[in-house]
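Read through the structure below, which is laid out as structure tokens, and then see the notes.
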Amino acid sequence: HKKGLQVAIDGPASAGKSTVAKVVAKRFNYIYVDTGAMYRVVTLKAIEEHLKLDDEIKILDLLKKINIEFKPGNPVQHVYVDGHEVTNQIRSENVTNNVSTVAALPAIRKELVKRQQQIAADGGVVMDGRDIGTTVLPNAEVKIFLIASVTERAERRYLENKKNGINVTLTDLKREIETRDYKDSHRKISPLKKAKDAIEIDTTSMTIDQVVDEISNLISKKIVEIKNN
Ligand code: CDP
Ligand code: CDP
């Protein structure tokens, strides 16, 4: 790839994908692409337009008309739809609880996968999601599968919510994460699954820095390996 490697980071909800992917991308001067945000945007728009969330044809129609853009930012990357910022709206409980339904629609996946492949075509990209290593970038030079226990992931989300003034109980968060994991792992089209050649990292008792270092080392090693070939 012209501009660098393709790095795929997959895993279940709140495993730390976006947090880690963003820092890793910065280290290597790669772009970071949050594919979950793209599914969230479609869900937000479908809700706003009062569409039935299993109405594949109408939702695809809507998706074809919208332009989704990312702009780097700290601590979160900014997300825009046709120039309007939706960074916060796409993280609402309503979107979170419905996104897996929309993400199961084959036509929506096909369209978003196409856009994701275009963005990553020249490399120099860290992309996180559920199906990046298996479907979107099957030839990615580095594939990571991040996991952590459900309890740990619910606690992480709880702390994150608290910082943002959002009040959801730990029990509700745990249930929400389990439901979404189940739906994402059991859908017919490109379910959440570790790619055969992905490296699994269990982050349950790791700090963000430790995870970032481990992934960065894997990327650096791969860069050297490719140079020497
Ligand atoms: O950040 P969090 O783990 O809560 O989720 P996300 O990465 O924002 O993804 C939200 C939802 O989008 C997931 O639960 C999946 O249903 C869907 N998704 C997907 O199907 N495929 C992807 N490549 C990324 C996200
Ligand atoms: O993108 P994904 O849903 O996989 O997770 P995230 O939104 O990046 O991370 C969820 C939360 O876990 C964030 O608040 C992180 O600060 C925290 N965290 C982490 O990502 N990695 C650790 N090793 C420890 C905590």
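As shown in the structure tokens, the chain order sets the letters A, B, ...; within each chain, residues go from 1, and ligands are also counted from 1 in the order they appear.
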Next item on the list: Set the cut-off to 6 Å, count only C-alpha atoms and all ligand atoms, and list whatever residues fall near ligand 1 as a ChimeraX atom specification.
Entry: /A:13-14,35-37,39,99-100,103,129-132,180,184
Check: Which chains and residue numbers are within 7 Å of ligand 2, counting only C-alpha atoms and all ligand atoms, if I want them as a list in words?
Finding: Gly11, Pro12, Ala13, Ser14, Ala15, Gly16, Lys17, Ser18, Thr19, Val20, Arg153, Arg156, Arg157, Leu159, Glu160, Thr203, Thr204, Ser205, Met206, Thr207, Ile208 and Val211 of chain A
Can I get the selected residues back with C-alpha atoms, as a compact mmCIF listing (two decimals), in the first residue's frame?
# COMPACT_ATOMS: atom_id res chain seq x y z
CA GLY A 11 -13.72 -6.74 18.89
CA PRO A 12 -16.88 -6.46 21.00
CA ALA A 13 -18.39 -3.26 22.47
CA SER A 14 -16.17 -1.24 24.82
CA ALA A 15 -13.10 -3.42 24.43
CA GLY A 16 -11.13 -0.21 23.90
CA LYS A 17 -10.92 -0.27 20.11
CA SER A 18 -11.49 3.40 19.33
CA THR A 19 -9.43 4.73 22.24
CA VAL A 20 -6.44 2.61 21.28
CA ARG A 153 -16.31 -3.44 29.65
CA ARG A 156 -15.35 1.20 31.46
CA ARG A 157 -18.53 2.43 29.81
CA LEU A 159 -16.89 5.58 34.01
CA GLU A 160 -17.00 7.11 30.54
CA THR A 203 -7.21 -6.08 27.67
CA THR A 204 -9.16 -6.88 30.87
CA SER A 205 -6.28 -6.01 33.16
CA MET A 206 -4.25 -3.84 30.80
CA THR A 207 -3.92 -0.07 30.70
CA ILE A 208 -4.56 1.87 27.52
CA VAL A 211 -2.43 -1.99 24.68
Notebook entry, point to check: Which of these, A:Asp128, A:Asp172, A:Asp55, A:Asp82, has the shortest distance to Leu105 in chain A once you count only C-alpha atoms?
Noted result: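 Going through A:Asp128, A:Asp172, A:Asp55, A:Asp82 one by one, the smallest distance to Leu105 in chain A is for A:Asp55.
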Note to self: So, with only C-alpha atoms as the atoms that count, which of A:Glu93, A:Asp202, A:Glu214, A:Glu155 lies closest to Arg40 in chain A?
What the structure shows: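 The shortest atom-to-atom distance to Arg40 in chain A comes from A:Glu93.
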Check: Which neighbours of Gln116 in chain A fall inside 10 Å, counting only C-alpha atoms, when residues of the same chain fewer than 5 positions from it are skipped, and could you give them as a list of chain:residue names?
Finding: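 Neighbouring residues, sequence-local ones excluded: A:Val33, A:Asp34, A:Thr35, A:Met38, A:Lys110, A:Glu111, A:Ala121, A:Met127, A:Ile132, A:Val136, A:Leu137.
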Check: Among range 10-144 of chain A, which ones does DSSP place in alpha helix (DSSP H), written as a ChimeraX atom specification?
Finding: /A:17-28,35-48,56-65,93-102,106-120
Give one line per residue of range 107-160 of chain A that approaches range 23-31 of chain A to at most 7 Å, naming the two atoms of the closest pair and their distance in Å to one decimal, counting only C-alpha atoms; sort by chain then ascending residue number and deliver it as a tab-separated table.
residue	atom	partner	partner_atom	distance
A:Gly124	CA	A:Tyr30	CA	4.7
A:Val125	CA	A:Ile31	CA	4.8
A:Val126	CA	A:Ala25	CA	5.8
Notebook entry, point to check: Can you tell me how far CA of Ile57 in chain A sits from CA of Arg187 in chain A, in Å to one decimal?
Noted result: 18.6 Å
Note to self: Between A:Ala8, A:Ile223, A:Val142, A:Leu192, which residue has the minimum interatomic distance to Tyr32 in chain A, considering only C-alpha atoms?
What the structure shows: A:Ala8
Notebook entry, point to check: Nearest to Leu63 in chain A among A:Arg91, A:Lys45, A:Lys194, A:His84, with distances taken over only C-alpha atoms: which residue is it?
Noted result: A:Lys45
Based on the backbone DSSP call, show me all residues of range 74-208 of chain A assigned strand (DSSP E), as a PDB file with N, CA and C atoms, in the first residue's frame.
ATOM      1  N   HIS A  78     -14.334  14.081  15.622  1.00  0.00           N
ATOM      2  CA  HIS A  78     -15.617  14.709  15.298  1.00  0.00           C
ATOM      3  C   HIS A  78     -16.238  14.048  14.072  1.00  0.00           C
ATOM      4  N   VAL A  79     -17.554  13.866  14.129  1.00  0.00           N
ATOM      5  CA  VAL A  79     -18.268  13.218  13.037  1.00  0.00           C
ATOM      6  C   VAL A  79     -19.288  14.197  12.459  1.00  0.00           C
ATOM      7  N   TYR A  80     -19.294  14.316  11.123  1.00  0.00           N
ATOM      8  CA  TYR A  80     -20.189  15.241  10.440  1.00  0.00           C
ATOM      9  C   TYR A  80     -21.021  14.515   9.398  1.00  0.00           C
ATOM     10  N   VAL A  81     -22.275  14.936   9.280  1.00  0.00           N
ATOM     11  CA  VAL A  81     -23.126  14.449   8.202  1.00  0.00           C
ATOM     12  C   VAL A  81     -23.511  15.658   7.367  1.00  0.00           C
ATOM     13  N   HIS A  84     -22.988  18.883   9.036  1.00  0.00           N
ATOM     14  CA  HIS A  84     -23.522  19.106  10.378  1.00  0.00           C
ATOM     15  C   HIS A  84     -22.886  18.151  11.374  1.00  0.00           C
ATOM     16  N   GLU A  85     -22.433  18.690  12.508  1.00  0.00           N
ATOM     17  CA  GLU A  85     -21.780  17.825  13.488  1.00  0.00           C
ATOM     18  C   GLU A  85     -22.799  16.959  14.237  1.00  0.00           C
ATOM     19  N   VAL A 125      -3.705   3.424   7.305  1.00  0.00           N
ATOM     20  CA  VAL A 125      -4.991   3.551   7.975  1.00  0.00           C
ATOM     21  C   VAL A 125      -5.131   2.561   9.133  1.00  0.00           C
ATOM     22  N   VAL A 126      -5.709   3.051  10.219  1.00  0.00           N
ATOM     23  CA  VAL A 126      -6.120   2.177  11.325  1.00  0.00           C
ATOM     24  C   VAL A 126      -7.637   2.228  11.343  1.00  0.00           C
ATOM     25  N   MET A 127      -8.272   1.078  11.129  1.00  0.00           N
ATOM     26  CA  MET A 127      -9.733   1.050  11.039  1.00  0.00           C
ATOM     27  C   MET A 127     -10.281   0.132  12.116  1.00  0.00           C
ATOM     28  N   ASP A 128     -11.255   0.594  12.897  1.00  0.00           N
ATOM     29  CA  ASP A 128     -11.821  -0.282  13.921  1.00  0.00           C
ATOM     30  C   ASP A 128     -13.284  -0.576  13.664  1.00  0.00           C
ATOM     31  N   GLY A 129     -13.730  -1.770  14.111  1.00  0.00           N
ATOM     32  CA  GLY A 129     -15.112  -2.175  13.872  1.00  0.00           C
ATOM     33  C   GLY A 129     -15.371  -3.581  14.355  1.00  0.00           C
ATOM     34  N   VAL A 142      -1.843  -5.959   9.378  1.00  0.00           N
ATOM     35  CA  VAL A 142      -1.918  -6.203  10.826  1.00  0.00           C
ATOM     36  C   VAL A 142      -3.385  -6.307  11.220  1.00  0.00           C
ATOM     37  N   LYS A 143      -3.737  -7.417  11.875  1.00  0.00           N
ATOM     38  CA  LYS A 143      -5.119  -7.607  12.333  1.00  0.00           C
ATOM     39  C   LYS A 143      -5.116  -7.895  13.832  1.00  0.00           C
ATOM     40  N   ILE A 144      -5.882  -7.091  14.565  1.00  0.00           N
ATOM     41  CA  ILE A 144      -5.944  -7.225  16.012  1.00  0.00           C
ATOM     42  C   ILE A 144      -7.377  -7.540  16.417  1.00  0.00           C
ATOM     43  N   PHE A 145      -7.555  -8.459  17.374  1.00  0.00           N
ATOM     44  CA  PHE A 145      -8.875  -8.724  17.931  1.00  0.00           C
ATOM     45  C   PHE A 145      -8.809  -8.425  19.420  1.00  0.00           C
ATOM     46  N   LEU A 146      -9.447  -7.319  19.822  1.00  0.00           N
ATOM     47  CA  LEU A 146      -9.392  -6.868  21.223  1.00  0.00           C
ATOM     48  C   LEU A 146     -10.572  -7.420  21.999  1.00  0.00           C
ATOM     49  N   ILE A 147     -10.296  -8.026  23.138  1.00  0.00           N
ATOM     50  CA  ILE A 147     -11.398  -8.478  23.988  1.00  0.00           C
ATOM     51  C   ILE A 147     -11.164  -8.020  25.430  1.00  0.00           C
ATOM     52  N   ILE A 199      -4.493 -11.301  15.700  1.00  0.00           N
ATOM     53  CA  ILE A 199      -3.856 -11.529  16.993  1.00  0.00           C
ATOM     54  C   ILE A 199      -4.796 -11.047  18.083  1.00  0.00           C
ATOM     55  N   GLU A 200      -5.147 -11.951  18.995  1.00  0.00           N
ATOM     56  CA  GLU A 200      -6.089 -11.589  20.051  1.00  0.00           C
ATOM     57  C   GLU A 200      -5.356 -11.003  21.250  1.00  0.00           C
ATOM     58  N   ILE A 201      -5.863  -9.868  21.753  1.00  0.00           N
ATOM     59  CA  ILE A 201      -5.292  -9.262  22.949  1.00  0.00           C
ATOM     60  C   ILE A 201      -6.414  -9.104  23.976  1.00  0.00           C
ATOM     61  N   ASP A 202      -6.253  -9.734  25.136  1.00  0.00           N
ATOM     62  CA  ASP A 202      -7.234  -9.587  26.210  1.00  0.00           C
ATOM     63  C   ASP A 202      -6.809  -8.404  27.075  1.00  0.00           C
TER      64      ASP A 202
END
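Separating CA of Gly83 in chain A from CA of Val41 in chain A is a distance of 12.9 Å.
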